[in-house]
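Here's the structure, in structure tokens; my notes come after.
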Amino acid sequence: MAVVVNKLIPEFEANATGGVKVSNQSHHGQVVVLYFYPKDNTPGCTTEALQFREYFKHFVEEGAVVFGVSRDNMKSHDEFKLKLELPFELIADTEEKMCHMFGVVKNKIMYGKKVKGIERSTFLIGADGQLKQEWRGLKVPGHVEEVLAAVKALKQAA
């Protein structure tokens, strides 16, 4: 089942760093930012993670929780999180269940070959469990600030 703006997020369950279990119900009552990225330790993904780290306290002040999501395994996530001193957890979607549910798996061309990859995307889930906003195929510069502004606007509308 796919996600749709202004509809409840379908059921899911995933494991994150720090032994955290994340599901469609685990953070009910909180605003959730899920950002999907292609791969740990790559230049664009590192930049994006560092920007979420830089603005993390502002997300917390607005009552939001942030999770990064990729297909990397938990060992890779633990190392990436430690290396970058990330204050938020990373979800290991090794079976691509969340990636498919959120529709971020795309065909890409890398080095002349067609490969399946993750389209950089972010999803804003309201405290009521509904998808409020989505950003797909995004560019990293300025994105985190845009997401934070949407979180603030969502809080003011509540």
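Starting from 1 in every chain, residues are counted up; chains themselves are A, B, ... following the order of the structure tokens, and ligands are numbered from 1 as listed.
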Can you list, as an MDAnalysis selection string, all residues belonging to chain A that DSSP tags as helix (DSSP H, G or I)?
chainID A and resid 17:19 43:61 74:84 97:101 143:157
Output the selection as a short mmCIF file (atom, residue, chain, number, x, y, z; two decimals), in the first residue's frame - N, CA and C atoms for each residue.
```cif
data_model
loop_
_atom_site.label_atom_id
_atom_site.label_comp_id
_atom_site.auth_asym_id
_atom_site.auth_seq_id
_atom_site.Cartn_x
_atom_site.Cartn_y
_atom_site.Cartn_z
N THR A 17 18.76 2.39 14.55
CA THR A 17 19.93 2.40 15.42
C THR A 17 19.47 2.65 16.86
N GLY A 18 20.32 2.32 17.80
CA GLY A 18 19.99 2.54 19.21
C GLY A 18 18.95 1.56 19.73
N GLY A 19 18.66 0.50 18.97
CA GLY A 19 17.67 -0.50 19.39
C GLY A 19 16.24 0.01 19.32
N PRO A 43 28.80 11.29 -0.68
CA PRO A 43 28.88 12.74 -0.49
C PRO A 43 27.53 13.44 -0.25
N GLY A 44 26.55 13.21 -1.11
CA GLY A 44 25.26 13.88 -0.95
C GLY A 44 24.54 13.46 0.32
N CYS A 45 24.62 12.17 0.64
CA CYS A 45 23.94 11.65 1.83
C CYS A 45 24.61 12.15 3.11
N THR A 46 25.92 12.28 3.07
CA THR A 46 26.65 12.82 4.22
C THR A 46 26.26 14.28 4.43
N THR A 47 26.22 15.06 3.35
CA THR A 47 25.83 16.47 3.45
C THR A 47 24.42 16.61 4.02
N GLU A 48 23.50 15.79 3.52
CA GLU A 48 22.11 15.85 4.00
C GLU A 48 22.03 15.50 5.49
N ALA A 49 22.71 14.43 5.89
CA ALA A 49 22.72 14.02 7.30
C ALA A 49 23.29 15.12 8.19
N LEU A 50 24.37 15.76 7.74
CA LEU A 50 24.98 16.84 8.52
C LEU A 50 24.04 18.04 8.64
N GLN A 51 23.26 18.32 7.61
CA GLN A 51 22.31 19.42 7.68
C GLN A 51 21.16 19.10 8.64
N PHE A 52 20.67 17.86 8.62
CA PHE A 52 19.65 17.48 9.60
C PHE A 52 20.24 17.55 11.02
N ARG A 53 21.53 17.17 11.15
CA ARG A 53 22.18 17.28 12.46
C ARG A 53 22.25 18.74 12.91
N GLU A 54 22.63 19.62 11.99
CA GLU A 54 22.76 21.04 12.30
C GLU A 54 21.44 21.65 12.80
N TYR A 55 20.34 21.22 12.23
CA TYR A 55 19.03 21.79 12.57
C TYR A 55 18.23 20.92 13.55
N PHE A 56 18.84 19.83 14.01
CA PHE A 56 18.13 18.87 14.84
C PHE A 56 17.45 19.49 16.05
N LYS A 57 18.18 20.36 16.78
CA LYS A 57 17.59 20.95 18.00
C LYS A 57 16.34 21.77 17.66
N HIS A 58 16.31 22.37 16.48
CA HIS A 58 15.14 23.15 16.07
C HIS A 58 13.94 22.23 15.80
N PHE A 59 14.21 21.06 15.22
CA PHE A 59 13.13 20.09 15.02
C PHE A 59 12.58 19.64 16.38
N VAL A 60 13.48 19.36 17.31
CA VAL A 60 13.07 18.93 18.66
C VAL A 60 12.25 20.03 19.34
N GLU A 61 12.72 21.28 19.22
CA GLU A 61 11.98 22.41 19.81
C GLU A 61 10.55 22.51 19.26
N MET A 74 22.31 -2.39 9.57
CA MET A 74 22.47 -1.74 10.86
C MET A 74 23.93 -1.43 11.18
N LYS A 75 24.83 -2.32 10.81
CA LYS A 75 26.26 -2.07 11.06
C LYS A 75 26.71 -0.80 10.33
N SER A 76 26.34 -0.67 9.08
CA SER A 76 26.68 0.52 8.30
C SER A 76 26.07 1.77 8.93
N HIS A 77 24.81 1.66 9.34
CA HIS A 77 24.13 2.80 9.97
C HIS A 77 24.81 3.20 11.29
N ASP A 78 25.14 2.20 12.11
CA ASP A 78 25.80 2.49 13.39
C ASP A 78 27.11 3.24 13.16
N GLU A 79 27.90 2.80 12.17
CA GLU A 79 29.18 3.44 11.87
C GLU A 79 28.98 4.86 11.32
N PHE A 80 28.00 5.02 10.42
CA PHE A 80 27.69 6.32 9.82
C PHE A 80 27.23 7.30 10.90
N LYS A 81 26.35 6.82 11.78
CA LYS A 81 25.83 7.66 12.86
C LYS A 81 26.95 8.10 13.80
N LEU A 82 27.81 7.18 14.16
CA LEU A 82 28.93 7.47 15.06
C LEU A 82 29.91 8.45 14.41
N LYS A 83 30.28 8.17 13.16
CA LYS A 83 31.24 9.00 12.44
C LYS A 83 30.77 10.45 12.32
N LEU A 84 29.48 10.65 12.05
CA LEU A 84 28.95 12.00 11.86
C LEU A 84 28.34 12.60 13.13
N LYS A 97 11.06 -2.62 2.42
CA LYS A 97 9.61 -2.55 2.66
C LYS A 97 9.14 -1.10 2.75
N MET A 98 9.83 -0.30 3.55
CA MET A 98 9.45 1.12 3.67
C MET A 98 9.72 1.85 2.36
N CYS A 99 10.84 1.54 1.72
CA CYS A 99 11.19 2.20 0.46
C CYS A 99 10.09 1.99 -0.58
N HIS A 100 9.56 0.79 -0.66
CA HIS A 100 8.49 0.52 -1.62
C HIS A 100 7.18 1.16 -1.17
N MET A 101 6.88 1.10 0.12
CA MET A 101 5.64 1.70 0.63
C MET A 101 5.61 3.21 0.35
N HIS A 143 17.14 22.19 1.55
CA HIS A 143 16.02 21.28 1.81
C HIS A 143 15.65 21.18 3.30
N VAL A 144 16.63 21.02 4.16
CA VAL A 144 16.35 20.84 5.58
C VAL A 144 15.62 22.07 6.15
N GLU A 145 16.03 23.26 5.71
CA GLU A 145 15.36 24.48 6.15
C GLU A 145 13.90 24.49 5.70
N GLU A 146 13.65 23.99 4.49
CA GLU A 146 12.28 23.92 3.96
C GLU A 146 11.42 22.95 4.79
N VAL A 147 12.00 21.82 5.16
CA VAL A 147 11.28 20.84 5.99
C VAL A 147 10.99 21.44 7.36
N LEU A 148 11.98 22.11 7.95
CA LEU A 148 11.77 22.74 9.25
C LEU A 148 10.66 23.79 9.19
N ALA A 149 10.62 24.57 8.12
CA ALA A 149 9.56 25.57 7.96
C ALA A 149 8.19 24.89 7.88
N ALA A 150 8.12 23.74 7.22
CA ALA A 150 6.86 22.99 7.12
C ALA A 150 6.45 22.44 8.49
N VAL A 151 7.43 21.98 9.28
CA VAL A 151 7.14 21.50 10.64
C VAL A 151 6.57 22.64 11.48
N LYS A 152 7.20 23.82 11.39
CA LYS A 152 6.72 24.99 12.14
C LYS A 152 5.30 25.37 11.71
N ALA A 153 5.05 25.36 10.41
CA ALA A 153 3.72 25.71 9.90
C ALA A 153 2.69 24.69 10.38
N LEU A 154 3.05 23.43 10.43
CA LEU A 154 2.16 22.39 10.90
C LEU A 154 1.83 22.58 12.37
N LYS A 155 2.84 22.95 13.15
CA LYS A 155 2.64 23.20 14.59
C LYS A 155 1.72 24.40 14.80
N GLN A 156 1.90 25.45 14.02
CA GLN A 156 1.07 26.65 14.16
C GLN A 156 -0.38 26.39 13.75
N ALA A 157 -0.57 25.49 12.78
CA ALA A 157 -1.92 25.15 12.31
C ALA A 157 -2.68 24.28 13.30
#
```
Would you write out, as CSV, a table of all residues in segment 20-87 of chain A that have an atom no more than 8 Å from an atom of segment 119-128 of chain A, listing for each the closest atom pair and the distance in Å to one decimal, considering only C-alpha atoms and ordering rows by chain and rising residue number?
```
residue,atom,partner,partner_atom,distance
A:His27,CA,A:Ala127,CA,7.8
A:His28,CA,A:Ala127,CA,5.7
A:Gly29,CA,A:Ala127,CA,4.2
A:Gln30,CA,A:Ala127,CA,4.4
A:Val31,CA,A:Ala127,CA,4.7
A:Val32,CA,A:Ile125,CA,5.0
A:Val33,CA,A:Leu124,CA,4.9
A:Leu34,CA,A:Phe123,CA,5.2
A:Tyr35,CA,A:Thr122,CA,4.2
A:Phe36,CA,A:Ser121,CA,5.2
A:Tyr37,CA,A:Arg120,CA,4.9
A:Pro38,CA,A:Arg120,CA,6.5
```
DSSP strand (DSSP E) residues within segment 19-152 of chain A, as a ChimeraX atom specification
/A:21-23,31-36,64-70,89-92,105-110,113-118,121-125,131-136
Within 12 Å of Ala16 of chain A using only C-alpha atoms, minus same-chain residues under 3 positions, as an MDAnalysis selection string:
chainID A and resid 13 19:23 66:78 81 88:94
Mind pulling up the distance from atom CA of Gln133 of chain A to atom CA of Lys108 of chain A?
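A separation of 24.3 Å between them.
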Applying 8 Å and only C-alpha atoms, which residues near Ile9 of chain A remain after dropping the ones on its own chain fewer than 4 positions away? List them as an MDAnalysis selection string.
chainID A and resid 3:4 24 125 129:131
So the first atom is atom CA of Val104 of chain A and the second is atom CA of Gly142 of chain A; what is the distance between them in Å, to one decimal place?
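Separating atom CA of Val104 of chain A from atom CA of Gly142 of chain A is a distance of 20.3 Å.
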Atom CA of Asp40 of chain A to atom CA of Asn15 of chain A, straight-line distance in Å
16.2 Å
